[in-house]
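*Asks:* Sharing start.cif (mmCIF, C-alpha atoms and all ligand atoms) below.
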data_run
#
loop_
_atom_site.label_atom_id
_atom_site.label_comp_id
_atom_site.auth_asym_id
_atom_site.auth_seq_id
_atom_site.Cartn_x
_atom_site.Cartn_y
_atom_site.Cartn_z
CA MET A 1 -14.73 16.28 -50.28
CA ALA A 2 -18.18 17.85 -50.13
CA ARG A 3 -20.67 16.65 -52.71
CA LEU A 4 -22.13 19.59 -54.65
CA GLY A 5 -25.26 19.86 -56.77
CA VAL A 6 -25.76 22.64 -59.31
CA VAL A 7 -29.50 22.95 -59.88
CA GLY A 8 -30.32 24.94 -63.02
CA ALA A 9 -27.09 23.75 -64.62
CA THR A 10 -28.25 24.40 -68.19
CA GLY A 11 -29.17 28.05 -67.58
CA ALA A 12 -27.27 31.32 -67.94
CA VAL A 13 -26.17 31.30 -64.28
CA GLY A 14 -25.79 27.51 -63.94
CA THR A 15 -23.42 27.32 -66.91
CA VAL A 16 -21.15 29.96 -65.37
CA THR A 17 -21.43 28.24 -61.97
CA LEU A 18 -20.07 24.99 -63.43
CA GLU A 19 -17.28 26.88 -65.21
CA LEU A 20 -16.21 28.63 -61.99
CA LEU A 21 -16.47 25.50 -59.82
CA ALA A 22 -14.19 23.62 -62.22
CA GLU A 23 -11.73 26.54 -62.32
CA ARG A 24 -11.64 26.71 -58.53
CA GLY A 25 -10.89 23.02 -58.07
CA PHE A 26 -14.25 21.60 -57.01
CA GLU A 27 -14.49 18.00 -58.21
CA ASP A 28 -17.48 16.17 -56.76
CA VAL A 29 -20.17 18.04 -58.67
CA ARG A 30 -23.51 16.91 -60.14
CA ALA A 31 -25.68 18.85 -62.61
CA PHE A 32 -29.48 19.12 -62.32
CA ALA A 33 -32.12 20.87 -64.43
CA SER A 34 -35.74 20.34 -65.42
CA GLU A 35 -37.21 17.27 -67.06
CA ARG A 36 -36.60 19.01 -70.43
CA SER A 37 -32.81 18.74 -70.11
CA ALA A 38 -32.49 15.43 -68.24
CA GLY A 39 -29.99 13.19 -70.03
CA THR A 40 -28.26 16.02 -71.93
CA ARG A 41 -24.64 16.89 -71.15
CA VAL A 42 -23.06 20.13 -69.88
CA ALA A 43 -19.43 21.24 -69.83
CA PHE A 44 -17.51 20.95 -66.56
CA GLY A 45 -13.90 22.01 -67.01
CA ASP A 46 -12.33 19.62 -69.51
CA SER A 47 -15.07 17.05 -69.05
CA GLU A 48 -18.85 16.86 -69.18
CA LEU A 49 -21.59 16.03 -66.70
CA GLU A 50 -24.85 14.30 -67.50
CA VAL A 51 -27.81 16.43 -66.46
CA GLU A 52 -30.14 14.79 -63.94
CA GLU A 53 -33.77 15.76 -63.43
CA ALA A 54 -34.20 17.93 -60.33
CA THR A 55 -37.13 16.28 -58.58
CA PRO A 56 -37.88 16.71 -54.87
CA ALA A 57 -37.06 13.02 -54.38
CA ALA A 58 -33.69 13.26 -56.16
CA LEU A 59 -32.66 16.29 -54.11
CA ALA A 60 -33.92 14.77 -50.85
CA ALA A 61 -31.93 11.57 -51.24
CA GLY A 62 -29.37 12.88 -48.75
CA ASP A 63 -26.35 12.26 -51.00
CA LEU A 64 -25.47 15.95 -51.53
CA ASP A 65 -23.76 18.15 -48.93
CA LEU A 66 -24.48 21.40 -50.70
CA CYS A 67 -26.69 22.64 -53.57
CA LEU A 68 -26.50 25.84 -55.56
CA PHE A 69 -29.91 26.69 -57.05
CA SER A 70 -30.52 29.00 -60.05
CA ILE A 71 -33.95 27.88 -61.26
CA GLY A 72 -36.39 30.72 -60.62
CA THR A 73 -38.61 31.54 -57.68
CA ALA A 74 -41.49 29.07 -58.17
CA ALA A 75 -39.20 26.08 -58.75
CA SER A 76 -36.99 27.08 -55.79
CA ARG A 77 -40.03 27.18 -53.52
CA GLU A 78 -40.70 23.55 -54.41
CA LEU A 79 -37.18 22.11 -54.57
CA VAL A 80 -35.10 24.00 -51.99
CA PRO A 81 -37.09 22.76 -48.96
CA ALA A 82 -36.84 19.15 -50.20
CA ALA A 83 -33.05 19.39 -50.30
CA ALA A 84 -32.73 21.40 -47.08
CA ASP A 85 -34.91 18.97 -45.12
CA SER A 86 -32.52 16.17 -46.00
CA GLY A 87 -29.57 18.08 -44.51
CA THR A 88 -28.19 19.57 -47.73
CA VAL A 89 -27.05 23.19 -47.30
CA CYS A 90 -28.86 25.20 -50.00
CA ILE A 91 -27.74 28.49 -51.54
CA ASP A 92 -30.63 29.88 -53.55
CA LYS A 93 -30.26 32.61 -56.18
CA SER A 94 -33.96 33.30 -56.71
CA SER A 95 -36.02 35.80 -54.73
CA ALA A 96 -37.93 33.02 -52.91
CA TYR A 97 -36.06 33.26 -49.58
CA ARG A 98 -34.07 36.51 -49.75
CA LEU A 99 -36.26 38.46 -47.38
CA ALA A 100 -37.32 35.54 -45.16
CA ASP A 101 -36.52 35.89 -41.47
CA GLY A 102 -33.69 33.58 -40.47
CA VAL A 103 -32.33 33.24 -44.02
CA PRO A 104 -29.01 35.06 -44.37
CA LEU A 105 -28.80 37.21 -47.51
CA VAL A 106 -25.10 37.28 -48.10
CA VAL A 107 -22.41 39.14 -50.00
CA PRO A 108 -19.27 37.84 -48.29
CA GLU A 109 -17.27 41.07 -48.56
CA VAL A 110 -20.08 43.04 -46.93
CA ASN A 111 -21.83 40.78 -44.40
CA GLY A 112 -20.08 37.42 -44.66
CA GLY A 113 -20.39 36.84 -40.92
CA ARG A 114 -24.14 36.44 -41.35
CA ALA A 115 -23.56 33.32 -43.48
CA VAL A 116 -22.63 31.19 -40.49
CA GLU A 117 -26.05 31.88 -38.95
CA HIS A 118 -27.83 29.80 -41.59
CA ASP A 119 -30.28 27.07 -40.78
CA GLY A 120 -29.86 25.12 -44.01
CA ILE A 121 -30.86 27.84 -46.51
CA LEU A 122 -28.86 30.89 -47.57
CA ALA A 123 -29.93 33.40 -50.19
CA ASN A 124 -27.85 35.03 -52.90
CA PRO A 125 -29.08 38.60 -53.54
CA ASN A 126 -30.34 39.97 -56.85
CA CYS A 127 -27.51 40.62 -59.32
CA SER A 128 -28.00 44.39 -59.13
CA THR A 129 -28.04 44.36 -55.33
CA ILE A 130 -24.74 42.49 -55.13
CA GLN A 131 -22.78 44.98 -57.21
CA LEU A 132 -24.44 47.91 -55.45
CA VAL A 133 -23.67 46.80 -51.88
CA CYS A 134 -20.05 46.06 -52.77
CA LEU A 135 -19.77 49.83 -53.28
CA LEU A 136 -22.24 51.05 -50.64
CA GLY A 137 -20.91 48.85 -47.80
CA PRO A 138 -17.45 50.47 -47.69
CA LEU A 139 -18.91 53.98 -48.15
CA HIS A 140 -21.30 53.35 -45.26
CA ASP A 141 -18.44 52.18 -43.05
CA ALA A 142 -16.47 55.31 -43.95
CA ALA A 143 -19.11 58.03 -43.72
CA GLY A 144 -22.58 56.60 -42.92
CA LEU A 145 -25.21 56.38 -45.65
CA ARG A 146 -28.05 58.87 -45.44
CA ARG A 147 -29.79 58.33 -48.81
CA VAL A 148 -29.28 56.34 -52.04
CA ARG A 149 -30.70 56.92 -55.50
CA LEU A 150 -29.75 54.96 -58.56
CA ALA A 151 -30.49 54.24 -62.20
CA THR A 152 -29.57 50.82 -63.58
CA TYR A 153 -28.69 49.75 -67.12
CA GLN A 154 -29.15 45.97 -66.97
CA SER A 155 -28.07 43.48 -69.61
CA ALA A 156 -30.21 40.88 -71.36
CA SER A 157 -28.47 38.01 -69.57
CA GLY A 158 -30.01 39.19 -66.31
CA ALA A 159 -33.30 37.81 -67.64
CA GLY A 160 -31.84 34.38 -68.49
CA SER A 161 -30.67 32.42 -71.51
CA ASP A 162 -33.86 32.95 -73.57
CA SER A 163 -33.43 36.70 -73.29
CA MET A 164 -29.78 36.38 -74.40
CA GLU A 165 -30.94 34.36 -77.42
CA ARG A 166 -33.47 37.04 -78.33
CA LEU A 167 -30.82 39.77 -78.23
CA ARG A 168 -28.35 37.68 -80.25
CA SER A 169 -30.93 37.09 -82.98
CA GLN A 170 -31.92 40.76 -83.18
CA ASP A 171 -30.46 43.26 -85.61
CA SER A 172 -28.18 45.54 -83.58
CA VAL A 173 -29.86 48.72 -84.88
CA GLU A 174 -33.15 47.48 -83.42
CA GLY A 175 -31.84 47.68 -79.84
CA ASN A 176 -34.25 49.32 -77.43
CA VAL A 177 -34.41 50.28 -73.77
CA THR A 178 -37.18 48.56 -71.80
CA MET A 179 -38.46 47.89 -68.29
CA ASP A 180 -39.40 44.24 -68.65
CA TRP A 181 -40.21 43.44 -65.01
CA ASP A 182 -43.59 43.04 -63.36
CA PHE A 183 -44.87 46.22 -61.74
CA GLU A 184 -46.33 46.59 -58.26
CA GLY A 185 -47.99 50.01 -58.22
CA ASP A 186 -45.48 52.68 -59.25
CA GLU A 187 -42.44 50.45 -58.96
CA SER A 188 -41.13 47.44 -60.82
CA GLU A 189 -40.45 44.41 -58.66
CA GLU A 190 -36.76 44.82 -59.51
CA GLU A 191 -36.78 48.32 -57.99
CA SER A 192 -38.49 47.23 -54.77
CA LYS A 193 -36.23 44.14 -54.47
CA LEU A 194 -33.16 46.33 -54.75
CA ARG A 195 -34.33 48.55 -51.90
CA ALA A 196 -35.44 45.73 -49.58
CA GLU A 197 -32.35 43.61 -50.17
CA THR A 198 -29.94 46.53 -49.77
CA ARG A 199 -31.60 47.49 -46.47
CA LYS A 200 -31.38 43.88 -45.21
CA ILE A 201 -27.72 43.37 -46.15
CA LEU A 202 -26.55 46.73 -44.80
CA GLU A 203 -28.84 46.39 -41.77
CA LEU A 204 -30.28 49.84 -42.44
CA PRO A 205 -34.03 49.12 -42.41
CA GLU A 206 -35.04 52.76 -42.90
CA LEU A 207 -32.46 53.75 -45.54
CA PRO A 208 -34.13 56.18 -47.99
CA PHE A 209 -33.64 54.45 -51.33
CA SER A 210 -35.06 55.08 -54.79
CA ALA A 211 -34.19 53.20 -57.99
CA THR A 212 -35.19 53.19 -61.64
CA CYS A 213 -34.25 49.89 -63.31
CA VAL A 214 -33.82 49.68 -67.06
CA ARG A 215 -32.94 46.84 -69.45
CA VAL A 216 -30.49 47.81 -72.21
CA PRO A 217 -29.37 45.92 -75.33
CA VAL A 218 -26.12 44.64 -73.81
CA LEU A 219 -25.56 40.88 -73.61
CA VAL A 220 -23.69 40.63 -70.28
CA GLY A 221 -22.76 43.22 -67.66
CA HIS A 222 -24.98 45.48 -65.56
CA SER A 223 -24.22 49.19 -65.03
CA GLN A 224 -25.45 51.60 -62.36
CA ALA A 225 -25.35 55.38 -61.86
CA ILE A 226 -25.47 55.89 -58.09
CA TRP A 227 -26.14 59.06 -56.12
CA VAL A 228 -25.39 58.79 -52.40
CA GLU A 229 -25.69 61.21 -49.51
CA THR A 230 -23.55 60.48 -46.47
CA GLU A 231 -23.94 61.49 -42.83
CA ARG A 232 -20.35 62.71 -42.60
CA PRO A 233 -18.41 64.56 -45.32
CA LEU A 234 -16.44 62.31 -47.68
CA SER A 235 -14.55 63.87 -50.57
CA PRO A 236 -14.42 62.19 -53.99
CA ASP A 237 -10.73 61.45 -53.34
CA GLY A 238 -11.62 59.99 -49.94
CA ALA A 239 -14.34 57.83 -51.52
CA ARG A 240 -11.92 56.71 -54.22
CA ASP A 241 -9.38 55.66 -51.56
CA VAL A 242 -12.03 53.81 -49.56
CA LEU A 243 -13.27 51.94 -52.63
CA ALA A 244 -9.78 51.18 -53.93
CA ALA A 245 -9.06 49.46 -50.61
CA SER A 246 -12.28 47.40 -50.64
CA PRO A 247 -12.37 43.72 -51.64
CA SER A 248 -13.94 42.90 -55.02
CA VAL A 249 -13.91 46.57 -56.05
CA ARG A 250 -11.62 48.05 -58.70
CA VAL A 251 -11.48 51.75 -59.44
CA SER A 252 -11.64 52.13 -63.21
CA GLU A 253 -11.28 55.66 -64.50
CA PRO A 254 -12.40 57.72 -66.24
CA TYR A 255 -15.36 55.30 -66.35
CA PRO A 256 -15.95 51.55 -66.58
CA THR A 257 -18.12 49.82 -69.17
CA PRO A 258 -19.96 46.48 -68.98
CA ARG A 259 -17.52 45.14 -71.53
CA ASP A 260 -14.62 45.95 -69.15
CA ALA A 261 -16.40 44.02 -66.38
CA VAL A 262 -17.33 40.86 -68.30
CA GLY A 263 -15.27 37.82 -67.39
CA GLY A 264 -13.82 39.52 -64.31
CA ASP A 265 -14.56 39.09 -60.62
CA ASP A 266 -14.62 42.74 -59.51
CA VAL A 267 -17.19 45.50 -59.39
CA LEU A 268 -15.68 48.33 -61.42
CA VAL A 269 -16.31 51.91 -60.33
CA GLY A 270 -15.45 55.28 -61.87
CA ARG A 271 -16.71 58.85 -62.32
CA ILE A 272 -16.47 59.31 -58.56
CA ARG A 273 -17.42 62.95 -58.13
CA ARG A 274 -19.21 65.39 -55.92
CA ASP A 275 -22.96 65.91 -56.26
CA PRO A 276 -23.14 69.66 -55.66
CA THR A 277 -26.95 69.66 -55.38
CA VAL A 278 -27.06 68.12 -51.87
CA GLU A 279 -25.04 68.17 -48.65
CA ASN A 280 -22.39 65.39 -48.56
CA GLY A 281 -23.41 64.15 -52.01
CA LEU A 282 -21.37 61.82 -54.20
CA VAL A 283 -22.05 60.32 -57.64
CA LEU A 284 -20.51 57.07 -58.93
CA PHE A 285 -20.81 54.80 -61.93
CA GLY A 286 -20.39 51.03 -61.44
CA CYS A 287 -20.29 47.99 -63.75
CA CYS A 288 -20.20 44.28 -62.97
CA ASP A 289 -20.49 40.89 -64.68
CA ASN A 290 -24.00 39.96 -63.53
CA LEU A 291 -23.51 36.25 -64.24
CA ARG A 292 -20.27 36.05 -62.21
CA LYS A 293 -20.15 38.36 -59.15
CA GLY A 294 -23.84 39.13 -59.64
CA ALA A 295 -24.83 35.47 -59.34
CA ALA A 296 -22.59 32.39 -59.73
CA LEU A 297 -19.37 33.74 -58.22
CA ASN A 298 -21.04 35.29 -55.18
CA ALA A 299 -22.72 31.97 -54.33
CA ILE A 300 -19.43 30.07 -54.67
CA GLN A 301 -17.73 32.69 -52.51
CA ILE A 302 -20.39 32.03 -49.85
CA VAL A 303 -19.46 28.33 -50.00
CA GLU A 304 -15.79 29.22 -49.68
CA PHE A 305 -16.50 31.69 -46.89
CA LEU A 306 -18.38 29.02 -44.94
CA SER A 307 -15.61 26.53 -45.53
CA VAL A 308 -12.90 28.78 -44.11
CA SER A 309 -14.91 30.33 -41.28
CA GLY A 310 -15.44 27.14 -39.32
CA ALA A 311 -19.11 26.65 -40.22
CA PRO A 312 -20.26 23.02 -40.36
CA LEU A 313 -19.59 22.53 -44.03
CA ALA A 314 -16.73 20.40 -45.31
CA VAL A 315 -16.19 21.87 -48.74
CA ARG A 316 -12.73 21.43 -50.16
CA GLY A 317 -12.28 24.19 -52.70
CA ARG A 318 -8.95 25.78 -53.46
CA ARG A 319 -8.77 27.80 -50.26
CA GLY A 320 -5.79 29.90 -51.27
CA GLN A 321 -7.70 31.22 -54.29
CA TYR A 322 -10.38 32.88 -52.21
CA PHE A 323 -9.83 36.55 -53.11
CA ASN A 324 -6.19 35.49 -52.85
CA THR A 325 -6.68 35.76 -49.12
CA ALA A 326 -5.80 33.41 -46.33
CA PRO A 327 -8.54 32.32 -43.91
CA GLU A 328 -7.09 34.49 -41.14
CA SER A 329 -8.01 37.63 -43.14
CA ILE A 330 -11.67 36.91 -42.40
CA VAL A 331 -12.77 39.02 -39.47
CA PRO A 332 -14.95 36.88 -37.18
CA PRO A 333 -18.48 38.22 -36.56
CA ALA A 334 -17.77 39.07 -32.92
CA ALA A 335 -14.79 41.28 -33.81
CA SER A 336 -16.38 43.27 -36.62
CA GLY A 337 -19.57 44.42 -34.89
CA GLY A 338 -22.41 45.80 -37.02
CA SER A 339 -23.25 43.54 -39.88
CA GLY A 340 -21.05 40.63 -38.83
CA GLY A 341 -17.79 39.30 -40.19
CA ARG A 342 -16.61 40.45 -43.57
CA LEU A 343 -13.65 40.07 -45.80
CA ARG A 344 -10.94 42.67 -45.85
CA ARG A 345 -8.60 43.30 -48.73
CA PRO A 346 -5.30 41.63 -47.77
N1 LIG B 1 -29.18 35.86 -64.93
C1 LIG B 1 -28.74 36.58 -63.92
O1 LIG B 1 -27.92 37.53 -64.07
C2 LIG B 1 -29.17 36.23 -62.51
C3 LIG B 1 -28.54 36.88 -61.47
C4 LIG B 1 -28.93 36.60 -60.15
C5 LIG B 1 -29.92 35.68 -59.94
N2 LIG B 1 -30.51 35.05 -60.96
C6 LIG B 1 -31.56 34.08 -60.67
O2 LIG B 1 -31.13 32.77 -61.04
C7 LIG B 1 -32.24 32.00 -61.48
C8 LIG B 1 -31.94 31.42 -62.87
O3 LIG B 1 -31.59 32.46 -63.73
P1 LIG B 1 -30.94 32.19 -65.15
O4 LIG B 1 -30.67 33.55 -65.68
O5 LIG B 1 -29.86 31.20 -65.10
O6 LIG B 1 -32.21 31.55 -65.96
P2 LIG B 1 -32.23 30.61 -67.24
O7 LIG B 1 -31.09 30.89 -68.15
O8 LIG B 1 -33.60 30.73 -67.80
O9 LIG B 1 -32.04 29.13 -66.66
C9 LIG B 1 -33.01 28.51 -65.85
C10 LIG B 1 -32.49 27.16 -65.37
O10 LIG B 1 -33.43 26.62 -64.44
C11 LIG B 1 -33.82 25.32 -64.87
N3 LIG B 1 -35.22 25.10 -64.47
C12 LIG B 1 -36.31 25.82 -64.81
N4 LIG B 1 -37.41 25.31 -64.22
C13 LIG B 1 -36.99 24.25 -63.49
C14 LIG B 1 -37.65 23.29 -62.66
N5 LIG B 1 -38.97 23.33 -62.45
N6 LIG B 1 -36.89 22.33 -62.10
C15 LIG B 1 -35.57 22.27 -62.28
N7 LIG B 1 -34.88 23.14 -63.05
C16 LIG B 1 -35.60 24.12 -63.65
C17 LIG B 1 -33.66 25.35 -66.38
O11 LIG B 1 -33.54 24.02 -66.83
P3 LIG B 1 -33.98 23.60 -68.34
O12 LIG B 1 -32.84 23.99 -69.22
O13 LIG B 1 -34.15 22.12 -68.22
O14 LIG B 1 -35.24 24.32 -68.66
C18 LIG B 1 -32.33 26.13 -66.48
O15 LIG B 1 -31.25 25.29 -66.16
C19 LIG B 1 -33.45 32.94 -61.41
O16 LIG B 1 -34.08 32.76 -60.16
C20 LIG B 1 -32.83 34.31 -61.46
O17 LIG B 1 -33.63 35.29 -60.81
C21 LIG B 1 -30.16 35.29 -62.26
#
Using the file provided, produce a representation of the structure as structure tokens.
Ligand SMILES: NC(=O)c1ccc[n+]([C@@H]2O[C@H](COP(=O)([O-])OP(=O)(O)OC[C@H]3O[C@@H](n4cnc5c(N)ncnc54)[C@H](OP(=O)(O)O)[C@@H]3O)[C@@H](O)[C@H]2O)c1
*Replies:*
Amino acid sequence: MARLGVVGATGAVGTVTLELLAERGFEDVRAFASERSAGTRVAFGDSELEVEEATPAALAAGDLDLCLFSIGTAASRELVPAAADSGTVCIDKSSAYRLADGVPLVVPEVNGGRAVEHDGILANPNCSTIQLVCLLGPLHDAAGLRRVRLATYQSASGAGSDSMERLRSQDSVEGNVTMDWDFEGDESEEESKLRAETRKILELPELPFSATCVRVPVLVGHSQAIWVETERPLSPDGARDVLAASPSVRVSEPYPTPRDAVGGDDVLVGRIRRDPTVENGLVLFGCCDNLRKGAALNAIQIVEFLSVSGAPLAVRGRRGQYFNTAPESIVPPAASGGSGGRLRRP
């Protein structure tokens, strides 16, 4: 059995990662966090794990096959290379490596075949990117994407456990809408990340893409209003059929809410309608649990994808639970063309 490390195990994403690993039958798991949490205990299924300090030396000891990192960009820049150099396969959820050449940025349903091209480091996209490409990927396959515009409504948990604590302690009537990211010129870094990551995953480097990202007083669950223009006509009914047949997508009408999405594995989508203001325009509304599919679950699905696609990684999860699909439902990169192998709904 592969030996797994969860680095950032005390955080919003790390806690959910441990919960999902236990549920999915992973057993040989260790928990790491900063010096602050070393020696404390975290839940792992029915038991607990003692938290170890994540130092470069501890992660470079060569006694872990695979590490899942959710510790922030600066800490990932220090710790991921230490682990990777010792032969540990690293899946990093920060923005440190997402756009680096040679680092696959993977959402298994969309570009899973790219995962097997890793050289020791794989990147998990931003939570908002993951839910977006789960919808855009199938629409692109069906009709070709010409342009994307979106507005996001992102929950407090997207900014970590401290942000969740702040919202919990606040009077509900004090809720406000903010844009609490750093800005680079006219755009927040969240908006530019969404564009760059979407272009990389879909392999559409010139895709016209404009986003406005907003934080809303919701604890968990990100929402998105998405306007797409396609190259070929696609009716709302056609788009609904395409999305209903796509893995990790569930059509939820008349419209989904973040509360509907929390605790589930799917990206929910509704209000699929024509945008009459442009040629071949569609409008959608999507919601997703940002801590699960937007972070922890996607990374575990990468592990499971690698384990069933013949990559050199001996992880023994519960294979049959992977999207309830059998390994043969994975289309190998050579057969799928374009963006590499991907999962198909069984
Ligand atoms: N929240 C989301 O929806 C989401 C989605 C996608 C990606 N991500 C990414 O995941 C990462 C973590 O996010 P989060 O929301 O889980 O944050 P969080 O709740 O603030 O948790 C941060 C975790 O990182 C640990 N940590 C911080 N500095 C460290 C260091 N120098 N060495 C080792 N461990 C360190 C913390 O340990 P201590 O408890 O010891 O401080 C804690 O376990 C970020 O890069 C974020 O961008 C988050």
*Asks:* Let me make sure I understand: among A:Ala156, A:Ile300, A:Ala244, A:Gly137, which one has the smallest atom-to-atom distance to Gly5 of chain A if we use all atoms listed in the file?
*Replies:*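 Looking at the shortest contact to Gly5 of chain A, the residue is A:Ile300.
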*Asks:* Check which residues fall inside 6 Å of ligand LIG 1 (chain B) when counting all atoms listed in the file, and print them as an MDAnalysis selection string.
*Replies:* chainID A and resid 8:14 33:37 54 70:73 75 93:94 126:127 157:161 290:291 294:295
*Asks:* Considering all atoms listed in the file, can you say which of A:Arg114, A:Arg30, A:His140, A:Arg292 comes closest to Phe44 of chain A?
*Replies:*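 That would be A:Arg30, the residue with the smallest distance to Phe44 of chain A.
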*Asks:* Quote the spacing between atom CA of His118 of chain A and atom CA of Ser76 of chain A in Å to one decimal place.
*Replies:*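 Here the two named atoms are 17.1 Å from each other.
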*Asks:* Counting all atoms listed in the file, find residues at most 12 Å from (-19.2, 55.8, -46.8) (file frame) and give them as a ChimeraX atom specification.
*Replies:* /A:133-148,202,228-236,238-243,246,280-282
*Asks:* Could you check the closest approach to Gln131 of chain A for each of A:Phe285, A:Trp227, A:Tyr97, A:Trp181 and tell me which residue wins, using only C-alpha atoms?
*Replies:*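 Among A:Phe285, A:Trp227, A:Tyr97, A:Trp181, it is A:Phe285 that comes nearest to Gln131 of chain A.
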